[in-house]
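**Q** Input file: protein24.csv. Contents: CSV, C-alpha atoms and all ligand atoms.
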```
chain,number,residue,atom,x,y,z
V,1,MET,CA,-12.1,27.2,-20.7
V,2,SER,CA,-10.4,27.7,-24.0
V,3,ASP,CA,-12.5,26.6,-26.9
V,4,GLN,CA,-9.4,25.5,-28.7
V,5,MET,CA,-8.1,22.0,-28.1
V,6,GLU,CA,-4.6,22.2,-26.7
V,7,ARG,CA,-2.1,21.1,-29.3
V,8,LYS,CA,-0.4,17.8,-28.4
V,9,LYS,CA,3.3,18.2,-27.8
V,10,ARG,CA,5.4,17.0,-30.7
V,11,ILE,CA,8.0,14.2,-30.4
V,12,LEU,CA,10.8,13.4,-32.8
V,13,SER,CA,13.3,10.6,-32.5
V,14,GLY,CA,15.6,8.5,-34.6
V,15,ILE,CA,17.6,5.3,-34.7
V,16,GLN,CA,20.4,4.3,-37.0
V,17,PRO,CA,20.1,1.3,-39.3
V,18,THR,CA,23.6,0.1,-38.3
V,19,GLY,CA,22.5,-3.4,-37.5
V,20,THR,CA,19.7,-5.5,-35.9
V,21,PHE,CA,18.2,-3.8,-32.8
V,22,THR,CA,19.3,-5.2,-29.5
V,23,LEU,CA,17.4,-5.8,-26.3
V,24,GLY,CA,19.0,-2.5,-25.1
V,25,ASN,CA,17.6,-0.6,-28.1
V,26,TYR,CA,14.2,-2.2,-27.3
V,27,ILE,CA,14.1,-1.4,-23.6
V,28,GLY,CA,15.8,2.0,-23.9
V,29,ALA,CA,14.2,3.4,-27.0
V,30,VAL,CA,12.0,1.4,-29.4
V,31,ARG,CA,9.5,0.0,-26.8
V,32,ASN,CA,8.8,3.5,-25.4
V,33,TRP,CA,8.1,5.0,-28.8
V,34,GLY,CA,5.0,3.0,-29.3
V,35,SER,CA,3.5,4.0,-25.9
V,36,LEU,CA,4.1,7.7,-26.5
V,37,GLN,CA,1.8,7.8,-29.5
V,38,GLU,CA,-1.4,8.3,-27.5
V,39,ASP,CA,-0.3,11.4,-25.7
V,40,PHE,CA,2.0,13.0,-28.3
V,41,GLU,CA,2.2,13.8,-32.0
V,42,CYS,CA,5.1,11.5,-32.9
V,43,LEU,CA,7.6,11.5,-35.8
V,44,TYR,CA,10.0,8.6,-35.9
V,45,MET,CA,12.8,8.3,-38.3
V,46,VAL,CA,15.4,5.7,-39.5
V,47,ALA,CA,18.6,7.8,-39.4
V,48,ASP,CA,20.3,6.4,-42.5
V,49,LEU,CA,22.3,9.5,-43.2
V,50,HIS,CA,23.8,9.5,-39.7
V,51,SER,CA,24.9,5.9,-40.2
V,52,LEU,CA,27.1,6.9,-43.2
V,53,THR,CA,29.5,8.6,-40.7
V,54,VAL,CA,30.8,5.1,-40.2
V,55,ARG,CA,31.6,2.9,-43.3
V,56,GLN,CA,28.6,0.9,-44.4
V,57,GLU,CA,28.3,-1.8,-47.1
V,58,PRO,CA,25.7,-0.3,-49.5
V,59,ALA,CA,23.6,-3.5,-49.9
V,60,ALA,CA,23.6,-4.1,-46.2
V,61,LEU,CA,22.6,-0.5,-45.4
V,62,ARG,CA,19.7,-0.8,-47.8
V,63,ARG,CA,18.5,-4.1,-46.2
V,64,GLN,CA,19.0,-2.8,-42.7
V,65,THR,CA,17.1,0.4,-43.4
V,66,ARG,CA,14.0,-1.6,-44.4
V,67,GLU,CA,14.5,-4.0,-41.5
V,68,ALA,CA,14.7,-1.1,-39.0
V,69,ALA,CA,11.5,0.4,-40.3
V,70,ALA,CA,9.8,-3.1,-40.2
V,71,MET,CA,11.0,-3.6,-36.7
V,72,LEU,CA,9.6,-0.2,-35.5
V,73,LEU,CA,6.2,-1.1,-37.0
V,74,ALA,CA,6.3,-4.5,-35.5
V,75,ALA,CA,7.2,-3.0,-32.1
V,76,GLY,CA,4.0,-0.9,-32.1
V,77,ILE,CA,4.5,2.2,-34.2
V,78,ASP,CA,1.1,2.7,-35.9
V,79,PRO,CA,1.6,4.6,-39.2
V,80,LYS,CA,-2.0,5.7,-39.0
V,81,VAL,CA,-1.2,7.6,-35.9
V,82,SER,CA,2.5,8.6,-36.2
V,83,LEU,CA,4.8,9.4,-39.0
V,84,LEU,CA,7.5,6.9,-39.8
V,85,PHE,CA,10.0,7.8,-42.5
V,86,VAL,CA,13.6,7.4,-43.6
V,87,GLN,CA,15.8,10.5,-43.0
V,88,SER,CA,17.3,10.6,-46.5
V,89,HIS,CA,13.8,10.7,-48.0
V,90,VAL,CA,13.2,14.2,-46.5
V,91,PRO,CA,15.8,16.4,-48.1
V,92,ALA,CA,14.9,19.3,-45.7
V,93,HIS,CA,17.0,17.7,-43.0
V,94,VAL,CA,20.2,18.2,-45.0
V,95,GLN,CA,19.1,21.6,-46.2
V,96,LEU,CA,18.6,22.9,-42.7
V,97,SER,CA,21.7,21.1,-41.4
V,98,TRP,CA,23.9,23.3,-43.6
V,99,ILE,CA,22.5,26.5,-42.1
V,100,LEU,CA,22.8,25.1,-38.6
V,101,SER,CA,26.4,24.0,-39.3
V,102,CYS,CA,27.2,27.6,-40.1
V,103,ASN,CA,25.8,28.5,-36.7
V,104,THR,CA,27.6,25.8,-34.8
V,105,GLN,CA,31.1,26.4,-33.5
V,106,PHE,CA,34.2,24.1,-34.1
V,107,GLY,CA,34.8,24.2,-30.3
V,108,GLU,CA,31.4,22.9,-29.3
V,109,LEU,CA,31.5,20.1,-31.8
V,110,SER,CA,35.0,19.2,-30.5
V,111,ARG,CA,33.6,18.6,-27.0
V,112,MET,CA,31.2,15.9,-28.1
V,113,THR,CA,32.1,12.7,-26.4
V,114,GLN,CA,30.5,10.5,-29.1
V,115,PHE,CA,32.9,12.2,-31.6
V,116,LYS,CA,35.9,11.5,-29.4
V,117,ASP,CA,34.8,7.9,-28.9
V,118,LYS,CA,33.9,7.2,-32.5
V,119,SER,CA,37.1,8.8,-33.9
V,120,ALA,CA,39.2,6.7,-31.5
V,121,LYS,CA,37.3,3.6,-32.6
V,122,HIS,CA,37.5,4.4,-36.3
V,123,ALA,CA,40.9,6.1,-36.4
V,124,ASP,CA,41.2,5.4,-40.1
V,125,ASN,CA,38.0,7.3,-41.0
V,126,VAL,CA,37.7,10.5,-38.9
V,127,ASN,CA,35.5,12.2,-41.6
V,128,ALA,CA,33.8,15.6,-41.5
V,129,GLY,CA,30.4,14.0,-41.2
V,130,LEU,CA,31.4,12.3,-38.0
V,131,PHE,CA,32.3,15.7,-36.7
V,132,THR,CA,29.2,17.6,-37.9
V,133,TYR,CA,26.9,14.7,-36.9
V,134,PRO,CA,25.2,16.8,-34.1
V,135,ALA,CA,24.4,19.6,-36.6
V,136,LEU,CA,22.4,17.1,-38.7
V,137,MET,CA,20.8,15.7,-35.6
V,138,ALA,CA,19.8,19.3,-34.5
V,139,ALA,CA,18.3,19.8,-38.0
V,140,ASP,CA,16.3,16.5,-37.6
V,141,ILE,CA,14.7,17.9,-34.5
V,142,LEU,CA,14.4,21.7,-35.2
V,143,VAL,CA,13.0,21.3,-38.7
V,144,TYR,CA,9.8,19.9,-37.0
V,145,ASN,CA,9.9,22.3,-34.0
V,146,ALA,CA,9.8,19.1,-31.8
V,147,ASP,CA,9.1,19.8,-28.2
V,148,LEU,CA,10.5,16.5,-26.8
V,149,VAL,CA,13.1,14.1,-28.0
V,150,PRO,CA,13.1,10.6,-26.4
V,151,VAL,CA,16.7,9.4,-26.3
V,152,GLY,CA,19.0,7.5,-24.0
V,153,VAL,CA,21.5,9.3,-21.8
V,154,ASP,CA,24.3,8.8,-24.4
V,155,GLN,CA,22.5,11.3,-26.6
V,156,LYS,CA,21.8,14.0,-24.1
V,157,GLN,CA,24.9,16.0,-25.0
V,158,HIS,CA,23.8,16.2,-28.6
V,159,LEU,CA,20.4,17.4,-27.5
V,160,GLU,CA,21.9,20.2,-25.4
V,161,LEU,CA,23.9,21.3,-28.5
V,162,ALA,CA,20.7,21.4,-30.5
V,163,ARG,CA,19.1,23.6,-27.9
V,164,ASN,CA,22.1,25.9,-27.9
V,165,VAL,CA,22.1,26.2,-31.6
V,166,ALA,CA,18.4,26.9,-31.7
V,167,GLN,CA,18.7,29.6,-29.1
V,168,ARG,CA,21.6,31.2,-30.8
V,169,PHE,CA,19.7,31.3,-34.1
V,170,ASN,CA,16.6,32.7,-32.4
V,171,ASN,CA,18.6,35.5,-30.8
V,172,LEU,CA,20.5,36.3,-33.9
V,173,TYR,CA,17.6,36.4,-36.4
V,174,SER,CA,14.2,36.2,-34.6
V,175,PRO,CA,12.2,33.5,-32.7
V,176,THR,CA,12.1,30.5,-35.1
V,177,PHE,CA,12.8,27.3,-33.4
V,178,THR,CA,11.2,25.6,-30.4
V,179,LEU,CA,13.9,24.6,-27.8
V,180,PRO,CA,13.7,20.8,-27.6
V,181,GLU,CA,13.8,19.0,-24.3
V,182,PRO,CA,15.2,15.5,-23.8
V,183,TYR,CA,12.6,13.0,-22.8
V,184,ILE,CA,14.0,10.1,-20.8
V,185,GLY,CA,11.3,7.5,-20.4
V,186,LYS,CA,10.1,6.0,-17.1
V,187,THR,CA,12.0,2.9,-17.8
V,188,GLY,CA,15.2,4.7,-18.9
V,189,ALA,CA,17.2,1.6,-17.9
V,190,LYS,CA,20.5,1.3,-19.6
V,191,ILE,CA,20.9,-2.3,-20.5
V,192,MET,CA,24.5,-3.6,-20.1
V,193,SER,CA,26.5,-6.2,-22.0
V,194,LEU,CA,25.8,-9.8,-20.8
V,195,GLN,CA,29.5,-10.5,-21.0
V,196,GLU,CA,31.0,-7.3,-19.6
V,197,PRO,CA,28.2,-5.8,-17.4
V,198,ASP,CA,30.2,-2.6,-16.9
V,199,LYS,CA,29.8,-1.8,-20.6
V,200,LYS,CA,26.6,-0.8,-22.5
V,201,MET,CA,24.9,-3.6,-24.5
V,202,SER,CA,25.7,-2.5,-28.1
V,203,LYS,CA,24.8,-4.0,-31.4
V,204,SER,CA,28.3,-3.3,-32.7
V,205,ASP,CA,30.0,-5.4,-30.0
V,206,SER,CA,32.3,-8.1,-31.5
V,207,ASN,CA,31.1,-10.7,-29.0
V,208,ALA,CA,27.7,-12.0,-30.1
V,209,ASN,CA,27.1,-13.4,-26.6
V,210,SER,CA,27.1,-9.9,-25.2
V,211,PHE,CA,23.8,-8.9,-26.7
V,212,ILE,CA,20.4,-10.3,-27.4
V,213,LEU,CA,19.0,-9.3,-30.8
V,214,MET,CA,15.3,-8.6,-31.4
V,215,THR,CA,15.5,-11.3,-34.0
V,216,ASP,CA,17.1,-14.0,-31.9
V,217,ASP,CA,15.1,-17.2,-31.6
V,218,ALA,CA,14.1,-18.7,-28.2
V,219,ASP,CA,17.0,-21.2,-28.0
V,220,THR,CA,19.5,-18.4,-28.7
V,221,ILE,CA,17.9,-16.1,-26.1
V,222,LEU,CA,18.0,-18.9,-23.5
V,223,ARG,CA,21.6,-19.8,-24.3
V,224,LYS,CA,22.8,-16.1,-24.1
V,225,CYS,CA,21.0,-15.6,-20.8
V,226,LYS,CA,22.5,-18.8,-19.3
V,227,ARG,CA,25.9,-17.7,-20.4
V,228,ALA,CA,25.5,-14.2,-18.9
V,229,VAL,CA,28.3,-13.3,-16.5
V,230,THR,CA,27.1,-13.1,-12.9
V,231,ASP,CA,29.2,-13.7,-9.7
V,232,SER,CA,29.9,-16.5,-7.2
V,233,ASP,CA,27.7,-15.7,-4.3
V,234,GLY,CA,24.6,-17.2,-5.8
V,235,VAL,CA,22.0,-14.7,-4.4
V,236,VAL,CA,19.6,-12.8,-6.6
V,237,ARG,CA,20.1,-9.3,-5.3
V,238,ALA,CA,20.9,-6.0,-6.9
V,239,GLY,CA,23.7,-3.8,-5.7
V,240,ASP,CA,27.4,-3.0,-5.7
V,241,GLY,CA,29.7,-5.7,-6.8
V,242,LYS,CA,26.9,-7.5,-8.5
V,243,PRO,CA,26.7,-5.8,-11.9
V,244,GLY,CA,25.8,-8.9,-13.9
V,245,VAL,CA,22.9,-9.9,-11.6
V,246,THR,CA,21.7,-6.3,-11.3
V,247,ASN,CA,21.6,-6.1,-15.1
V,248,LEU,CA,19.6,-9.3,-15.5
V,249,MET,CA,17.2,-8.0,-12.8
V,250,SER,CA,16.7,-4.7,-14.7
V,251,ILE,CA,15.9,-6.6,-17.8
V,252,TYR,CA,13.4,-8.8,-16.0
V,253,SER,CA,12.0,-5.8,-14.1
V,254,SER,CA,11.6,-3.7,-17.3
V,255,LEU,CA,9.8,-6.6,-19.1
V,256,THR,CA,7.5,-7.8,-16.3
V,257,GLY,CA,6.9,-4.6,-14.3
V,258,LYS,CA,8.1,-6.4,-11.1
V,259,THR,CA,10.1,-4.3,-8.7
V,260,PHE,CA,13.6,-5.4,-7.6
V,261,ALA,CA,12.1,-6.3,-4.2
V,262,ASP,CA,9.6,-8.6,-5.8
V,263,ILE,CA,12.3,-10.2,-7.8
V,264,GLU,CA,14.5,-10.8,-4.8
V,265,LYS,CA,11.6,-12.4,-3.1
V,266,GLU,CA,10.6,-14.5,-6.1
V,267,PHE,CA,14.0,-16.1,-6.4
V,268,GLU,CA,14.9,-16.3,-2.7
V,269,GLY,CA,16.8,-19.5,-2.0
V,270,GLN,CA,17.1,-20.4,-5.6
V,271,GLY,CA,20.2,-20.4,-7.7
V,272,TYR,CA,21.1,-18.3,-10.8
V,273,GLY,CA,20.0,-21.1,-13.1
V,274,VAL,CA,16.3,-20.7,-12.3
V,275,PHE,CA,16.6,-17.0,-12.4
V,276,LYS,CA,18.3,-16.9,-15.8
V,277,GLU,CA,15.6,-19.1,-17.2
V,278,ALA,CA,13.0,-16.8,-16.0
V,279,VAL,CA,14.8,-13.8,-17.5
V,280,ALA,CA,15.1,-15.6,-20.8
V,281,GLY,CA,11.4,-16.4,-20.6
V,282,SER,CA,10.5,-12.8,-20.2
V,283,VAL,CA,12.5,-11.8,-23.2
V,284,ILE,CA,11.1,-14.6,-25.3
V,285,ASP,CA,7.6,-13.6,-24.3
V,286,ALA,CA,8.2,-10.0,-25.2
V,287,PHE,CA,9.8,-10.7,-28.5
V,288,ARG,CA,7.5,-13.5,-29.8
V,289,PRO,CA,4.6,-11.4,-31.0
V,290,ILE,CA,7.0,-8.7,-32.4
V,291,GLN,CA,9.0,-11.3,-34.3
V,292,ALA,CA,5.9,-12.7,-36.0
V,293,GLU,CA,4.8,-9.2,-37.0
V,294,TYR,CA,8.3,-8.3,-38.2
V,295,ALA,CA,8.5,-11.3,-40.5
V,296,ARG,CA,5.0,-10.5,-41.9
V,297,ILE,CA,5.8,-6.8,-42.5
V,298,LEU,CA,9.3,-7.4,-44.0
V,299,ALA,CA,7.8,-9.9,-46.5
V,300,ASP,CA,5.3,-7.3,-47.6
V,301,ARG,CA,7.6,-4.9,-49.4
V,302,GLU,CA,4.8,-3.0,-51.1
V,303,TYR,CA,3.2,-2.2,-47.7
V,304,LEU,CA,6.4,-1.3,-46.0
V,305,ASP,CA,7.6,1.0,-48.9
V,306,GLY,CA,4.1,2.5,-49.0
V,307,VAL,CA,4.2,3.5,-45.3
V,308,LEU,CA,7.7,5.0,-45.7
V,309,LYS,CA,6.6,7.0,-48.8
V,310,GLU,CA,3.6,8.4,-47.1
V,311,GLY,CA,5.6,9.1,-44.0
V,312,ALA,CA,8.3,11.0,-46.0
V,313,ALA,CA,5.7,13.0,-47.9
V,314,ALA,CA,3.9,14.1,-44.8
V,315,ALA,CA,7.1,14.9,-43.0
V,316,SER,CA,8.4,16.9,-46.0
V,317,ARG,CA,5.3,19.1,-45.9
V,318,ILE,CA,6.1,20.2,-42.4
V,319,ALA,CA,9.9,20.4,-42.9
V,320,ASP,CA,9.9,22.2,-46.2
V,321,ARG,CA,8.0,25.1,-44.7
V,322,MET,CA,10.6,25.4,-42.0
V,323,VAL,CA,13.4,25.4,-44.5
V,324,ALA,CA,11.8,28.1,-46.6
V,325,LYS,CA,11.3,30.2,-43.5
V,326,VAL,CA,14.9,29.8,-42.4
V,327,TYR,CA,16.4,30.4,-45.8
V,328,LYS,CA,14.5,33.6,-46.0
V,329,LYS,CA,15.6,34.7,-42.5
V,330,VAL,CA,19.2,34.2,-43.2
V,331,GLY,CA,19.1,36.2,-46.5
V,332,LEU,CA,18.9,33.6,-49.2
V,333,VAL,CA,16.9,35.0,-52.2
V,334,GLN,CA,13.5,33.4,-52.8
V,335,LEU,CA,12.2,33.7,-56.3
T,401,LIG,P1,25.9,1.1,-31.8
T,401,LIG,O1,26.0,-0.2,-31.1
T,401,LIG,O2,26.0,1.0,-33.3
T,401,LIG,O3,26.7,2.2,-31.3
T,401,LIG,P2,23.5,1.5,-30.4
T,401,LIG,O4,23.1,0.1,-30.2
T,401,LIG,O5,24.1,2.3,-29.3
T,401,LIG,O6,24.4,1.6,-31.7
T,401,LIG,P3,21.9,3.7,-31.5
T,401,LIG,O7,21.3,3.7,-32.8
T,401,LIG,O8,23.0,4.6,-31.3
T,401,LIG,O9,22.2,2.3,-31.0
T,401,LIG,O10,20.8,4.1,-30.4
T,401,LIG,C1,19.4,4.1,-30.6
T,401,LIG,C2,18.7,4.3,-29.3
T,401,LIG,O11,18.8,3.2,-28.4
T,401,LIG,C3,19.2,5.5,-28.5
T,401,LIG,O12,18.1,6.3,-28.0
T,401,LIG,C4,20.0,4.9,-27.4
T,401,LIG,O13,20.0,5.7,-26.3
T,401,LIG,C5,19.2,3.6,-27.1
T,401,LIG,N1,20.1,2.5,-26.6
T,401,LIG,C6,21.2,2.0,-27.2
T,401,LIG,N2,21.8,1.0,-26.5
T,401,LIG,C7,21.1,1.0,-25.3
T,401,LIG,C8,21.2,0.2,-24.1
T,401,LIG,N3,22.2,-0.7,-24.0
T,401,LIG,N4,20.3,0.4,-23.1
T,401,LIG,C9,19.3,1.3,-23.3
T,401,LIG,N5,19.2,2.1,-24.4
T,401,LIG,C10,20.0,1.9,-25.4
T,402,LIG,N1,22.0,10.0,-32.8
T,402,LIG,C1,20.9,9.2,-32.4
T,402,LIG,C2,20.0,8.9,-33.6
T,402,LIG,C3,19.4,10.1,-34.1
T,402,LIG,C4,18.4,10.9,-33.4
T,402,LIG,C5,18.1,12.0,-34.2
T,402,LIG,C6,17.8,10.8,-32.2
T,402,LIG,C7,19.6,10.8,-35.3
T,402,LIG,N2,18.9,11.9,-35.4
T,402,LIG,C8,17.2,13.0,-33.8
T,402,LIG,C9,16.9,11.7,-31.8
T,402,LIG,C10,16.6,12.8,-32.6
T,402,LIG,C11,21.3,7.9,-31.8
T,402,LIG,O1,20.5,7.4,-31.1
T,402,LIG,N3,22.5,7.4,-32.0
```
For this file, produce the structure as structure tokens.
Ligand code: ATP
Ligand code: LTN
**A**
Amino acid sequence: MSDQMERKKRILSGIQPTGTFTLGNYIGAVRNWGSLQEDFECLYMVADLHSLTVRQEPAALRRQTREAAAMLLAAGIDPKVSLLFVQSHVPAHVQLSWILSCNTQFGELSRMTQFKDKSAKHADNVNAGLFTYPALMAADILVYNADLVPVGVDQKQHLELARNVAQRFNNLYSPTFTLPEPYIGKTGAKIMSLQEPDKKMSKSDSNANSFILMTDDADTILRKCKRAVTDSDGVVRAGDGKPGVTNLMSIYSSLTGKTFADIEKEFEGQGYGVFKEAVAGSVIDAFRPIQAEYARILADREYLDGVLKEGAAAASRIADRMVAKVYKKVGLVQL
């Protein structure tokens, strides 16, 4: 047996402070982050620089950045175990992103579906940052030699690009970067819009009834669930032609651990009304303790900023070493 403890694998992930997190962000990302802390060395980041690729109101961005950090803490990230920081507080990300940009091809960035989608959505602001977004994301990951990156399926393409850039750099210079793997959690459920269940639930949707926010109160959650689009056959069953009911079932299943078969049995012979109330109840129960913690943490600015300061300092110690190594490898003079 080796006398050396095996090093825990390192995880890095980020979320943009573009608004209040939704139930989709919770089930697909935020919730899993807390549970990974035991088995992995985790670094979590509020990706404020990435959010600048779309116009943000400065005061709102400042507020949302702190809110995002407070929500991550409330949802279970323990700053004594993991590092939590704001992307712009660790300058190494931007420093490495320039080097990686110079090793990323125009053609590969042009193939990114997020770029195509977002440039269609914001046709008046197709800026260079929106285009090079994946090079900064690659830097976020590679600067820590992260082994695994927990993301939703929508981010897989960016992760593949990060791997390709890392491999190219390693071949061109010498082995430098760990090739990161995507980590799609057990409950990788993609939560859909409550109003248009063929579309992803998204915090930037213009219809507020389409999403549940992590800050919504019990009445609002109940109302949104009751208004959720279903179908006319009145049977709680998952499957083709029943996207609305299937989506509510995945929410309920993700939050209660019940299987689809359990759920079908539980609501057999009952209408959608009872089922929707139960779904709402599971969301309310999941969010209640988080919301209380969130309010407490957000009110304690000194604590919150302290956590972020320490997080950034510890992250910078790792990241600065990588930048120095990379700068040297590519031929930048070190004095
Ligand atoms: P926006 O609405 O502004 O496009 P978003 O809600 O998609 O943003 P992001 O910050 O892009 O949120 O994503 C953060 C994380 O949440 C990612 O890992 C993403 O895969 C996950 N995620 C986002 N929406 C959902 C959803 N509806 N279901 C499951 N996971 C989701
Ligand atoms: N693009 C991601 C957020 C993000 C990220 C990262 C995720 C920025 N940098 C690094 C994982 C690793 C998104 O979810 N929209």
**Q** For Ala70 (chain V), work out the shell of residues within 7 Å, counting all atoms listed in the file and skipping chain neighbours fewer than 2 positions away, then give it as a list in words.
**A** Arg66, Glu67, Ala68, Leu72, Leu73, Ala74, Tyr294, Ile297, Leu298 and Leu304 of chain V
**Q** Export C-alpha atoms of the chosen residues as a compact mmCIF listing (two decimals), keeping the file's coordinate frame?
**A**
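Output file out28.txt follows:
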```txt
# COMPACT_ATOMS: atom_id res chain seq x y z
CA ARG V 66 14.00 -1.60 -44.40
CA GLU V 67 14.50 -4.00 -41.50
CA ALA V 68 14.70 -1.10 -39.00
CA LEU V 72 9.60 -0.20 -35.50
CA LEU V 73 6.20 -1.10 -37.00
CA ALA V 74 6.30 -4.50 -35.50
CA TYR V 294 8.30 -8.30 -38.20
CA ILE V 297 5.80 -6.80 -42.50
CA LEU V 298 9.30 -7.40 -44.00
CA LEU V 304 6.40 -1.30 -46.00
```
**Q** Just checking: using only C-alpha atoms, which residue out of V:Phe275, V:Phe115, V:Phe287, V:Phe169 ends up closest to Asn103 (chain V)?
**A**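 Of the candidates, the smallest distance to Asn103 (chain V) is held by V:Phe169.
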**Q** Grab all the atoms of ligand LIG 401 (chain T) that the file lists, wrap them in a box along x, y and z, add 4 Å per side, and give me centre plus edge lengths in Å (one decimal) as JSON.
**A**
```
{"center_x": 22.4, "center_y": 2.8, "center_z": -28.2, "size_x": 16.6, "size_y": 15.0, "size_z": 18.2}
```
**Q** Applying 12 Å and all atoms listed in the file, which residues near Phe40 (chain V) remain after dropping the ones on its own chain fewer than 5 positions away? List them as a PyMOL selection string.
**A** chain V and resi 6-12+33-35+81-83+146-150+183
**Q** I'd like the contact shell of Arg227 (chain V) - 9 Å cut-off, only C-alpha atoms, skipping same-chain residues fewer than 2 positions apart - returned as a ChimeraX atom specification.
**A** /V:194-195,209,222-225,229-230,276
**Q** Counting all atoms listed in the file, figure out which residue out of V:Leu84, V:Leu36, V:Ala218, V:Leu61 gets nearest to Thr20 (chain V).
**A** V:Leu61
**Q** Which residues are near ligand LIG 401 (chain T) in this structure, taking near to mean any atom at most 9 Å from a ligand atom and counting all atoms listed in the file? Format them as a PyMOL selection string.
**A** chain V and resi 13-30+47+51+118+150-156+188-193+199-205+211
**Q** Grab the CA of Phe260 (chain V) to CA of Val274 (chain V) distance for me, in Å with one decimal place.
**A** 16.2 Å
**Q** Please determine, counting only C-alpha atoms, which residue among V:Asp198, V:Asp233, V:Glu264, V:Glu160 has the shortest atom-to-atom distance to Met137 (chain V).
**A**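 Closest candidate: V:Glu160.
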**Q** Rank V:Tyr133, V:Tyr303, V:Phe106, V:Phe267 by their smallest atom-to-atom distance to ligand LIG 402 (chain T), using all atoms listed in the file, and report the top residue only.
**A**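 Residue with the minimum atom-to-atom distance to ligand LIG 402 (chain T): V:Tyr133.
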**Q** Taking 5 positions as the minimum chain separation for residues in the same chain, which residues sit within 10 Å of Thr220 (chain V) when counting all atoms listed in the file? Answer as a count of residues only.
**A** 8
**Q** Which one of V:Lys80, V:His93, V:Arg31, V:Lys309 sits closest to Asp48 (chain V) if you count all atoms listed in the file?
**A**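 Between V:Lys80, V:His93, V:Arg31, V:Lys309, the residue approaching Asp48 (chain V) most closely is V:His93.
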**Q** Of the candidates V:Leu96, V:Val54, V:Val90, V:Cys42, which shows the shortest atom-to-atom distance to Lys328 (chain V), using all atoms listed in the file?
**A**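 Among V:Leu96, V:Val54, V:Val90, V:Cys42, it is V:Leu96 that comes nearest to Lys328 (chain V).
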**Q** Provide the CA of Glu310 (chain V) to CA of Phe85 (chain V) distance in Å, to one decimal place.
**A**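 One can read the CA of Glu310 (chain V) to CA of Phe85 (chain V) distance as 7.9 Å.
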**Q** Neighbouring residues of Glu266 (chain V) were defined as those with any atom within 12 Å, considering all atoms listed in the file; residues of the same chain fewer than 4 positions away were excluded. Please report them as a list in words.
**A** Val235, Val236, Arg237, Met249, Tyr252, Ser253, Lys258, Thr259, Phe260, Ala261, Asp262, Gln270, Gly271, Val274, Phe275 and Ala278 of chain V
**Q** Hey, can you check how far CA of Thr65 (chain V) sits from CA of Val86 (chain V)?
**A**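 Value for the CA of Thr65 (chain V)-CA of Val86 (chain V) distance: 7.8 Å.
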**Q** Please check which residues have atoms at most 6 Å from (18.9, 8.9, -47.6) in the file's coordinates, counting all atoms listed in the file, and write them as a PyMOL selection string.
**A** chain V and resi 48-49+87-89
